[in-house]
$ cat start-v5.cif   # mmCIF, C-alpha atoms
data_structure
loop_
_atom_site.label_atom_id
_atom_site.label_comp_id
_atom_site.auth_asym_id
_atom_site.auth_seq_id
_atom_site.Cartn_x
_atom_site.Cartn_y
_atom_site.Cartn_z
CA MET U 52 -30.15 20.49 -15.83
CA LYS U 53 -30.48 23.64 -13.69
CA LYS U 54 -30.14 21.63 -10.49
CA ASN U 55 -26.95 19.93 -11.74
CA THR U 56 -25.49 23.27 -12.84
CA LEU U 57 -26.16 24.79 -9.41
CA LYS U 58 -24.51 21.78 -7.77
CA ILE U 59 -21.38 22.17 -9.94
CA LEU U 60 -21.22 25.91 -9.20
CA SER U 61 -21.63 25.21 -5.50
CA LEU U 62 -18.75 22.73 -5.53
CA LYS U 63 -16.58 25.18 -7.45
CA PHE U 64 -17.39 27.95 -4.96
CA LYS U 65 -16.48 25.74 -2.02
CA SER U 66 -13.23 24.77 -3.69
CA ASN U 67 -12.29 28.37 -4.48
CA LEU U 68 -13.27 29.49 -0.98
CA ALA U 69 -11.14 26.74 0.55
CA LYS U 70 -8.18 27.74 -1.62
CA ALA U 71 -8.52 31.33 -0.46
CA LEU U 72 -8.93 30.46 3.21
CA ILE U 73 -6.02 28.04 3.32
CA ARG U 74 -3.71 30.80 2.08
CA ILE U 75 -4.79 33.47 4.56
CA LEU U 76 -5.60 31.55 7.74
CA PRO U 77 -2.79 31.23 10.32
CA LYS U 78 -1.15 27.83 10.66
CA PHE U 79 -0.72 25.98 13.95
CA GLN U 80 2.12 23.52 14.56
CA ASN U 81 -0.23 20.62 13.90
CA VAL U 82 0.22 17.59 11.68
CA LEU U 83 -2.68 16.36 9.54
CA ILE U 84 -2.22 12.84 8.17
CA THR U 85 -4.47 11.51 5.45
CA ASP U 86 -4.43 8.23 3.51
CA SER U 87 -6.87 6.28 1.33
CA LEU U 88 -9.13 5.81 4.40
CA ASN U 89 -8.03 2.16 4.48
CA ALA U 90 -5.47 2.40 7.30
CA GLU U 91 -2.35 2.71 5.15
CA SER U 92 0.71 1.36 6.97
CA ASN U 93 2.89 4.27 5.80
CA ALA U 94 0.53 6.78 7.41
CA ILE U 95 0.12 4.78 10.62
CA ALA U 96 3.87 4.39 11.14
CA MET U 97 4.47 8.10 10.59
CA ALA U 98 1.60 9.20 12.84
CA ASN U 99 2.78 7.02 15.72
CA TYR U 100 6.39 8.13 15.48
CA ILE U 101 5.52 11.83 15.51
CA ALA U 102 3.10 11.40 18.43
CA GLU U 103 5.72 9.49 20.43
CA ASN U 104 8.70 11.76 19.71
CA TYR U 105 7.47 15.30 19.05
CA ASP U 106 5.51 17.87 21.03
CA THR U 107 2.93 18.56 18.34
CA SER U 108 -0.70 17.61 17.82
CA VAL U 109 -1.27 14.83 15.30
CA PHE U 110 -4.63 14.46 13.54
CA TYR U 111 -5.42 11.30 11.58
CA VAL U 112 -8.23 11.36 9.00
CA ILE U 113 -10.58 8.36 9.02
CA LYS U 114 -13.98 7.25 7.82
CA ARG U 115 -16.49 6.61 10.57
CA SER U 116 -16.76 2.86 9.96
CA PHE U 117 -13.02 2.43 10.67
CA ARG U 118 -12.89 4.40 13.94
CA GLU U 119 -12.97 1.51 16.41
CA SER U 120 -10.83 -0.85 14.34
CA ILE U 121 -8.03 1.65 13.72
CA LYS U 122 -7.78 2.97 17.30
CA PRO U 123 -5.71 0.00 18.60
CA LEU U 124 -3.07 0.72 15.93
CA LEU U 125 -2.53 4.37 16.84
CA ASN U 126 -0.88 6.12 19.76
CA SER U 127 -3.45 7.40 22.25
CA LYS U 128 -2.20 10.97 21.72
CA ILE U 129 -3.36 10.94 18.10
CA LYS U 130 -6.69 12.66 17.45
CA LEU U 131 -9.03 10.94 15.00
CA ILE U 132 -11.12 13.17 12.75
CA GLU U 133 -13.73 11.98 10.29
CA ILE U 134 -13.46 12.89 6.64
CA ASN U 135 -15.73 15.67 5.31
CA THR U 136 -16.67 17.05 8.72
CA VAL U 137 -16.35 20.67 9.83
CA LYS U 138 -13.52 19.66 12.17
CA TYR U 139 -11.68 17.98 9.30
CA ARG U 140 -11.95 21.07 7.09
CA LEU U 141 -10.83 23.44 9.84
CA THR U 142 -7.88 21.21 10.73
CA TYR U 143 -6.83 21.00 7.10
CA LEU U 144 -7.05 24.77 6.68
CA THR U 145 -5.01 25.55 9.81
CA SER U 146 -2.37 22.78 10.05
CA LYS U 147 1.26 23.60 9.34
CA TYR U 148 2.07 20.07 8.13
CA VAL U 149 0.01 17.86 5.82
CA ILE U 150 1.24 14.30 5.28
CA SER U 151 -0.57 12.26 2.63
CA THR U 152 -0.25 8.86 0.99
CA HIS U 153 -2.40 9.62 -2.06
CA GLY U 154 -1.92 13.34 -2.77
CA TYR U 155 -5.60 14.27 -2.60
CA LEU U 156 -5.03 17.64 -0.88
CA ASP U 157 -3.52 20.81 -2.31
CA SER U 158 -1.21 22.81 -0.07
CA PRO U 159 -0.20 26.49 -0.37
CA ASN U 160 3.22 27.96 0.32
CA ASN U 161 2.47 28.51 4.02
CA GLN U 162 1.82 24.80 4.55
CA VAL U 163 4.37 21.97 4.38
CA HIS U 164 3.12 19.04 2.29
CA ILE U 165 4.87 15.67 2.62
CA ASN U 166 4.00 13.12 -0.06
CA LEU U 167 4.52 9.70 1.55
CA TRP U 168 2.81 7.90 -1.34
CA HIS U 169 1.75 4.28 -0.87
CA GLY U 170 4.15 2.08 -2.75
CA VAL U 171 7.13 1.87 -5.02
CA GLY U 172 7.23 -0.85 -7.61
CA HIS U 173 6.90 -1.73 -11.26
CA LYS U 174 3.67 -0.07 -12.39
CA LYS U 175 3.27 3.36 -13.91
CA ILE U 176 1.79 6.08 -11.72
CA MET U 177 0.74 9.71 -12.19
CA THR U 178 2.43 11.38 -15.20
CA ALA U 179 3.87 8.07 -16.40
CA ARG U 180 0.26 6.96 -16.97
CA GLY U 181 -0.41 9.94 -19.20
CA GLY U 182 -1.64 12.31 -16.53
CA ARG U 183 -0.66 15.96 -16.84
CA LYS U 184 -0.65 16.68 -13.15
CA GLY U 185 1.84 15.44 -10.61
CA ILE U 186 1.62 15.91 -6.85
CA LYS U 187 2.91 19.21 -5.59
CA ALA U 188 4.85 18.60 -2.38
CA ASP U 189 7.61 20.21 -0.38
CA ILE U 190 8.98 16.77 0.47
CA THR U 191 8.43 13.56 -1.49
CA VAL U 192 9.57 10.29 0.07
CA ALA U 193 11.74 7.81 -1.86
CA THR U 194 13.69 4.69 -0.95
CA SER U 195 16.84 4.91 -3.11
CA ALA U 196 18.51 7.03 -5.78
CA PHE U 197 16.66 4.89 -8.34
CA THR U 198 13.20 5.61 -6.91
CA GLN U 199 14.16 9.22 -6.18
CA LYS U 200 14.57 9.79 -9.92
CA MET U 201 11.34 7.87 -10.68
CA PHE U 202 9.30 9.92 -8.20
CA SER U 203 10.74 13.22 -9.39
CA GLU U 204 9.53 12.28 -12.86
CA PHE U 205 6.17 10.79 -11.80
CA PHE U 206 5.13 13.62 -9.48
CA LYS U 207 6.70 16.53 -11.40
CA VAL U 208 8.79 17.74 -8.47
CA PRO U 209 12.46 18.83 -8.29
CA LEU U 210 14.89 15.98 -7.68
CA ASP U 211 16.33 17.67 -4.60
CA SER U 212 12.86 17.79 -2.97
CA VAL U 213 12.69 13.98 -3.03
CA THR U 214 14.32 12.65 0.13
CA VAL U 215 15.76 9.14 0.31
CA SER U 216 14.67 8.24 3.83
CA GLY U 217 12.98 4.92 3.12
CA TYR U 218 9.35 4.02 3.74
CA PRO U 219 7.94 4.22 7.31
CA ARG U 220 5.78 1.14 6.73
CA ASN U 221 8.87 -1.02 6.30
CA ASP U 222 9.91 -0.17 9.86
CA ILE U 223 6.71 -1.87 11.01
CA MET U 224 7.51 -4.99 8.99
CA ILE U 225 11.17 -5.25 10.01
CA LYS U 226 10.47 -4.67 13.70
CA ALA U 227 7.56 -7.14 13.62
CA GLU U 228 9.89 -9.84 12.27
CA THR U 229 11.57 -10.02 15.70
CA ASN U 230 8.16 -10.57 17.32
CA ARG U 231 6.76 -13.01 14.76
CA GLY U 232 5.66 -15.67 17.24
CA ASN U 233 3.50 -13.30 19.27
CA ILE U 234 2.00 -11.69 16.18
CA ILE U 235 0.93 -15.06 14.75
CA LYS U 236 -0.82 -15.79 18.06
CA GLN U 237 -3.05 -12.74 17.49
CA ILE U 238 -4.43 -14.03 14.20
CA LYS U 239 -7.86 -15.66 14.04
CA PRO U 240 -8.33 -18.29 12.76
CA ASP U 241 -5.23 -19.81 14.34
CA LEU U 242 -2.50 -20.29 11.72
CA ARG U 243 0.17 -21.75 13.99
CA SER U 244 -0.49 -25.35 12.95
CA TYR U 245 0.65 -24.68 9.36
CA ASP U 246 4.25 -25.19 8.25
CA LYS U 247 4.01 -22.42 5.66
CA ILE U 248 1.84 -19.31 5.43
CA ILE U 249 1.50 -17.87 1.92
CA LEU U 250 0.07 -14.48 0.98
CA TRP U 251 -1.29 -13.91 -2.52
CA MET U 252 -1.83 -10.29 -3.57
CA PRO U 253 -3.19 -9.87 -7.12
CA THR U 254 -3.08 -6.25 -8.29
CA TYR U 255 -5.65 -3.91 -9.75
CA ARG U 256 -6.04 -3.92 -13.53
CA ARG U 257 -6.49 -0.66 -15.37
CA MET U 258 -9.39 -0.64 -17.81
CA PRO U 259 -8.71 -0.10 -21.53
CA PRO U 260 -9.32 3.46 -22.83
CA GLY U 261 -12.99 4.34 -23.30
CA ILE U 262 -14.34 2.00 -20.63
CA ASN U 263 -16.04 3.74 -17.74
CA LEU U 264 -15.78 2.22 -14.30
CA ASN U 265 -18.74 1.65 -12.01
CA LEU U 266 -17.44 0.68 -8.60
CA GLY U 267 -20.89 -0.06 -7.20
CA VAL U 268 -21.34 -0.72 -3.49
CA ASN U 269 -18.55 -3.24 -3.00
CA GLY U 270 -16.13 -2.33 -5.77
CA LEU U 271 -15.33 -3.65 -9.25
CA LYS U 272 -16.57 -7.16 -9.91
CA LEU U 273 -13.64 -9.57 -9.95
CA ASP U 274 -13.86 -12.41 -12.48
CA ASN U 275 -11.99 -14.61 -10.03
CA LEU U 276 -10.00 -14.17 -6.86
CA TYR U 277 -6.64 -14.69 -8.53
CA ASN U 278 -6.95 -12.40 -11.58
CA CYS U 279 -6.26 -15.59 -13.52
CA LYS U 280 -8.89 -17.12 -15.78
CA GLY U 281 -9.41 -20.84 -15.37
CA PHE U 282 -7.35 -21.10 -12.21
CA ASP U 283 -7.99 -24.44 -10.49
CA SER U 284 -8.73 -23.71 -6.83
CA VAL U 285 -9.19 -27.40 -6.04
CA LYS U 286 -5.77 -28.32 -7.42
CA PHE U 287 -4.20 -25.37 -5.63
CA ASN U 288 -5.80 -26.42 -2.35
CA ILE U 289 -4.51 -29.99 -2.78
CA ILE U 290 -0.94 -28.73 -3.22
CA LEU U 291 -1.27 -26.58 -0.11
CA LYS U 292 -2.77 -29.40 1.93
CA GLN U 293 -0.07 -31.87 0.91
CA HIS U 294 2.55 -29.51 2.31
CA ASN U 295 0.57 -28.30 5.34
CA ALA U 296 0.42 -24.76 3.97
CA ILE U 297 -2.31 -22.14 3.93
CA CYS U 298 -2.72 -19.32 1.41
CA LEU U 299 -4.26 -16.00 2.38
CA ILE U 300 -5.62 -14.27 -0.72
CA LYS U 301 -5.98 -10.49 -0.50
CA PRO U 302 -7.50 -8.95 -3.65
CA HIS U 303 -6.99 -5.24 -4.30
CA TYR U 304 -9.36 -3.16 -2.19
CA LEU U 305 -11.10 -1.72 -5.28
CA TYR U 306 -12.37 -5.18 -6.21
CA ASP U 307 -15.55 -6.85 -5.02
CA ALA U 308 -14.46 -10.31 -3.90
CA LEU U 309 -17.43 -11.12 -1.70
CA ASP U 310 -18.42 -14.24 -3.65
CA LYS U 311 -16.21 -17.02 -2.34
CA SER U 312 -18.46 -19.94 -3.27
CA GLU U 313 -15.72 -21.52 -5.40
CA LEU U 314 -13.73 -22.04 -2.20
CA ASN U 315 -16.39 -23.98 -0.30
CA GLY U 316 -14.70 -26.91 1.43
CA LEU U 317 -11.21 -25.73 0.49
CA ASN U 318 -9.80 -25.25 3.97
CA ASN U 319 -6.26 -24.30 2.97
CA ILE U 320 -7.36 -21.11 1.21
CA LEU U 321 -8.57 -18.05 3.11
CA VAL U 322 -9.74 -14.80 1.48
CA ILE U 323 -8.95 -11.66 3.47
CA ASN U 324 -9.34 -7.89 3.05
CA ASP U 325 -8.40 -4.67 4.84
CA GLN U 326 -11.15 -5.12 7.42
CA TRP U 327 -9.94 -8.65 8.22
CA VAL U 328 -6.41 -7.35 8.83
CA LEU U 329 -7.68 -4.58 11.12
CA LYS U 330 -9.74 -7.08 13.12
CA GLN U 331 -6.47 -8.81 13.96
CA LYS U 332 -5.39 -5.51 15.58
CA MET U 333 -2.49 -5.15 13.18
CA THR U 334 -1.49 -3.52 9.91
CA LEU U 335 -0.74 -5.35 6.67
CA TYR U 336 2.95 -4.78 7.39
CA ASP U 337 2.68 -6.52 10.76
CA LEU U 338 1.07 -9.44 8.94
CA LEU U 339 3.88 -9.60 6.38
CA CYS U 340 6.35 -10.76 9.02
CA CYS U 341 4.24 -13.92 9.41
CA ILE U 342 4.37 -14.70 5.68
CA ASP U 343 6.78 -17.33 4.35
CA ILE U 344 6.07 -16.91 0.63
CA LEU U 345 4.52 -14.00 -1.28
CA ILE U 346 2.67 -14.55 -4.56
CA THR U 347 1.78 -11.57 -6.75
CA ASP U 348 1.91 -10.22 -10.26
CA PHE U 349 3.19 -6.68 -9.77
CA SER U 350 2.16 -5.53 -6.29
CA SER U 351 4.51 -2.93 -4.81
CA VAL U 352 4.30 -4.96 -1.60
CA MET U 353 6.73 -7.44 -3.15
CA THR U 354 9.35 -4.71 -3.32
CA ASP U 355 9.02 -4.10 0.42
CA PHE U 356 8.75 -7.83 1.18
CA SER U 357 12.17 -8.36 -0.42
CA LEU U 358 13.65 -6.70 2.69
CA LEU U 359 12.72 -9.86 4.62
CA ASP U 360 14.69 -11.97 2.11
CA LYS U 361 11.95 -14.58 1.71
CA PRO U 362 10.70 -16.26 -1.50
CA ILE U 363 8.52 -14.29 -3.90
CA ILE U 364 6.61 -15.89 -6.78
CA CYS U 365 5.63 -13.61 -9.66
CA PHE U 366 2.61 -15.02 -11.51
CA CYS U 367 0.65 -13.30 -14.29
CA THR U 368 -1.31 -14.98 -17.08
CA ASP U 369 -2.57 -11.78 -18.73
CA LEU U 370 0.73 -10.01 -19.35
CA LYS U 371 -0.26 -8.97 -22.89
CA GLN U 372 -3.33 -7.16 -21.55
CA VAL U 373 -1.25 -5.44 -18.88
CA ILE U 374 1.28 -4.32 -21.50
CA ASP U 375 -1.44 -3.22 -23.94
CA ASN U 376 -3.00 -1.11 -21.18
CA GLU U 377 0.43 0.51 -20.67
CA GLU U 378 0.48 -0.33 -16.97
CA LEU U 379 4.16 -1.27 -16.60
CA TYR U 380 7.03 1.16 -16.15
CA PHE U 381 9.62 -1.23 -17.61
CA GLU U 382 9.46 -2.69 -21.10
CA ASP U 383 11.69 -5.63 -20.20
CA ILE U 384 9.67 -6.33 -17.06
CA GLU U 385 11.18 -9.71 -16.19
CA ASN U 386 14.64 -8.19 -15.75
CA TRP U 387 13.27 -6.03 -12.93
CA LEU U 388 11.30 -8.65 -11.00
CA PRO U 389 12.45 -10.63 -7.93
CA SER U 390 11.73 -13.99 -9.60
CA LYS U 391 10.91 -15.51 -12.94
CA LEU U 392 7.53 -14.28 -14.19
CA HIS U 393 5.38 -17.42 -14.40
CA GLN U 394 2.75 -16.94 -17.12
CA ASN U 395 1.40 -20.48 -17.31
CA LYS U 396 -0.84 -22.05 -14.66
CA GLU U 397 0.72 -25.52 -14.88
CA GLU U 398 4.21 -24.07 -14.60
CA PHE U 399 3.07 -22.13 -11.53
CA TYR U 400 1.64 -25.25 -9.83
CA ILE U 401 4.89 -27.16 -10.45
CA PHE U 402 7.13 -24.36 -9.19
CA LEU U 403 5.06 -23.81 -6.05
CA GLU U 404 5.02 -27.52 -5.24
CA GLN U 405 8.80 -27.77 -5.71
CA LEU U 406 9.39 -24.75 -3.48
CA LEU U 407 7.14 -26.10 -0.73
CA ALA U 408 8.71 -29.56 -0.94
CA SER U 409 12.38 -28.56 -1.06
CA GLY U 410 12.49 -25.09 0.45
CA VAL U 411 15.05 -24.23 -2.24
CA ASP U 412 14.55 -20.75 -3.67
CA ALA U 413 16.13 -20.53 -7.11
CA TYR U 414 15.82 -16.74 -7.30
CA ILE U 415 17.65 -15.50 -4.21
CA GLN U 416 20.19 -13.46 -6.18
CA LYS U 417 17.54 -12.04 -8.53
CA ARG U 418 15.46 -10.97 -5.54
CA ARG U 419 18.42 -9.37 -3.74
CA LYS U 420 19.42 -7.50 -6.89
CA MET U 421 15.96 -5.90 -7.01
CA ARG U 422 16.01 -5.20 -3.27
CA ASP U 423 19.36 -3.40 -3.46
CA LEU U 424 18.18 -1.31 -6.41
CA TYR U 425 15.03 -0.17 -4.63
CA PHE U 426 16.36 0.30 -1.09
CA LEU U 427 19.36 2.31 0.05
CA HIS U 428 18.40 1.78 3.69
CA GLN U 429 17.46 -1.76 4.70
CA ASP U 430 16.98 -1.13 8.41
CA ASP U 431 14.08 -0.05 10.65
CA GLY U 432 15.05 3.63 10.79
CA SER U 433 13.12 5.09 7.85
CA THR U 434 10.48 6.87 9.94
CA GLU U 435 13.10 8.49 12.16
CA ARG U 436 15.12 9.68 9.15
CA LEU U 437 12.04 11.18 7.54
CA ALA U 438 10.81 12.87 10.73
CA ASN U 439 14.27 14.35 11.34
CA HIS U 440 14.23 15.77 7.83
CA VAL U 441 10.72 17.20 8.14
CA PHE U 442 11.11 18.74 11.59
CA LYS U 443 14.88 19.40 11.42
CA LEU U 444 15.54 17.60 14.73
CA ASN U 445 13.13 19.78 16.77
CA ARG U 446 12.27 16.95 19.15
CA THR U 447 10.66 17.11 22.58
#
$ encode --input "start-v5.cif" --output "structure tokens"
Amino acid sequence: MKKNTLKILSLKFKSNLAKALIRILPKFQNVLITDSLNAESNAIAMANYIAENYDTSVFYVIKRSFRESIKPLLNSKIKLIEINTVKYRLTYLTSKYVISTHGYLDSPNNQVHINLWHGVGHKKIMTARGGRKGIKADITVATSAFTQKMFSEFFKVPLDSVTVSGYPRNDIMIKAETNRGNIIKQIKPDLRSYDKIILWMPTYRRMPPGINLNLGVNGLKLDNLYNCKGFDSVKFNIILKQHNAICLIKPHYLYDALDKSELNGLNNILVINDQWVLKQKMTLYDLLCCIDILITDFSSVMTDFSLLDKPIICFCTDLKQVIDNEELYFEDIENWLPSKLHQNKEEFYIFLEQLLASGVDAYIQKRRKMRDLYFLHQDDGSTERLANHVFKLNRT
């Protein structure tokens, strides 16, 4: 008990000391960028743009295991610093600008904090999930008047501090679309022989109240890769094979999806993760330009993907559980989605097969309605707009 108490007191002292130091230490014109330590596309796009266009030092926070895989994605001027090192702490304490995608760091009045966040979609976040604390920031990044109001509410910040610049990561995706052929060539295994490339991104499920999470070494144990009980991988693979399509399945990074035995011999299904994407020397948003159809339940990626104006299939067989856990921001969720919400496996198989066979997307107008609600800017200039706002046009 005494040892644990001393540990808690030590952590509290370090925290209080850091809070004092960060307020009194002078600030250099440096930019510290921190994400979830999983190479967030928003953070990468912003870091590269600042390094290429401004005369200021950019520091990007990483975990050691990602150092070599993330280097090809970043401008050579960017300095990599490992989390929880002395250099990291000193840089945090003395940087004028802190840009974050997850709001882990507190910033005093003599530091400019930019909350990039890491997605805008249909699930509750921060105060909407019952949390008391928002994310204090001088600038919070939104994508439209609609999301500006949402983020002001979610993060407990003034509406006029939320800037509608658009998301930097979407610049990566939109620019990559013009270079799709070369990007596909980078991917191993070779996907060029397939007529259609599908990406399936099931989302993380909140646990009911009272259940404690134990992430373990590899993350939460996933009942199945699809977040769909009783899903028939063999039948799914047959549909894909008949139409010369492949499906890349990317579970949420908090899940442990290492057991892929159910996919043995199913060559039209490939499970990927963040490390797989990095090995291709690209970000997730580079990969998105290669995708013909996106399948998800409520991933915020589908909101961004709508900018490419390609089919999206919304599929969720546990909607009642999601609603009971109060995960969704909208009560009438289907009215806000880019397609019909398929809640039945057989219905999903039929719809997918029809889409692959005919190429006819029945939900173009529904998808565009959502896109226009979420995005004021639908170009590749979001990073530039945000940087101009942050640095007030003080370019090199």
$ closest_residue --input "start-v5.cif" --among "U:Leu68, U:Val109, U:Ala102, U:Ile165" --to "Leu144 of chain U" --atoms "only C-alpha atoms"
U:Leu68
$ atom_distance --input "start-v5.cif" --atom1 "atom CA of Thr434 of chain U" --atom2 "atom CA of Pro219 of chain U"
4.5 Å
$ residues_around --input "start-v5.cif" --residues "Lys187 of chain U" --least-positions-apart "3" --cutoff "10 Å" --atoms "all atoms listed in the file" --output "JSON, numbers by chain"
{"U": [154, 156, 157, 158, 159, 164, 165, 166, 184, 190, 191, 206, 207, 208, 209]}
$ resolve_selection --input "start-v5.cif" --expression "the PyMOL selection byres ((chain U and resi 290) around 12)" --output "VMD selection string"
chain U and resid 247 283 to 289 291 to 298 317 to 320 399 to 408
$ closest_residue --input "start-v5.cif" --among "U:Ile176, U:Cys279, U:Met421, U:Ala90" --to "Asp369 of chain U" --atoms "only C-alpha atoms"
U:Cys279
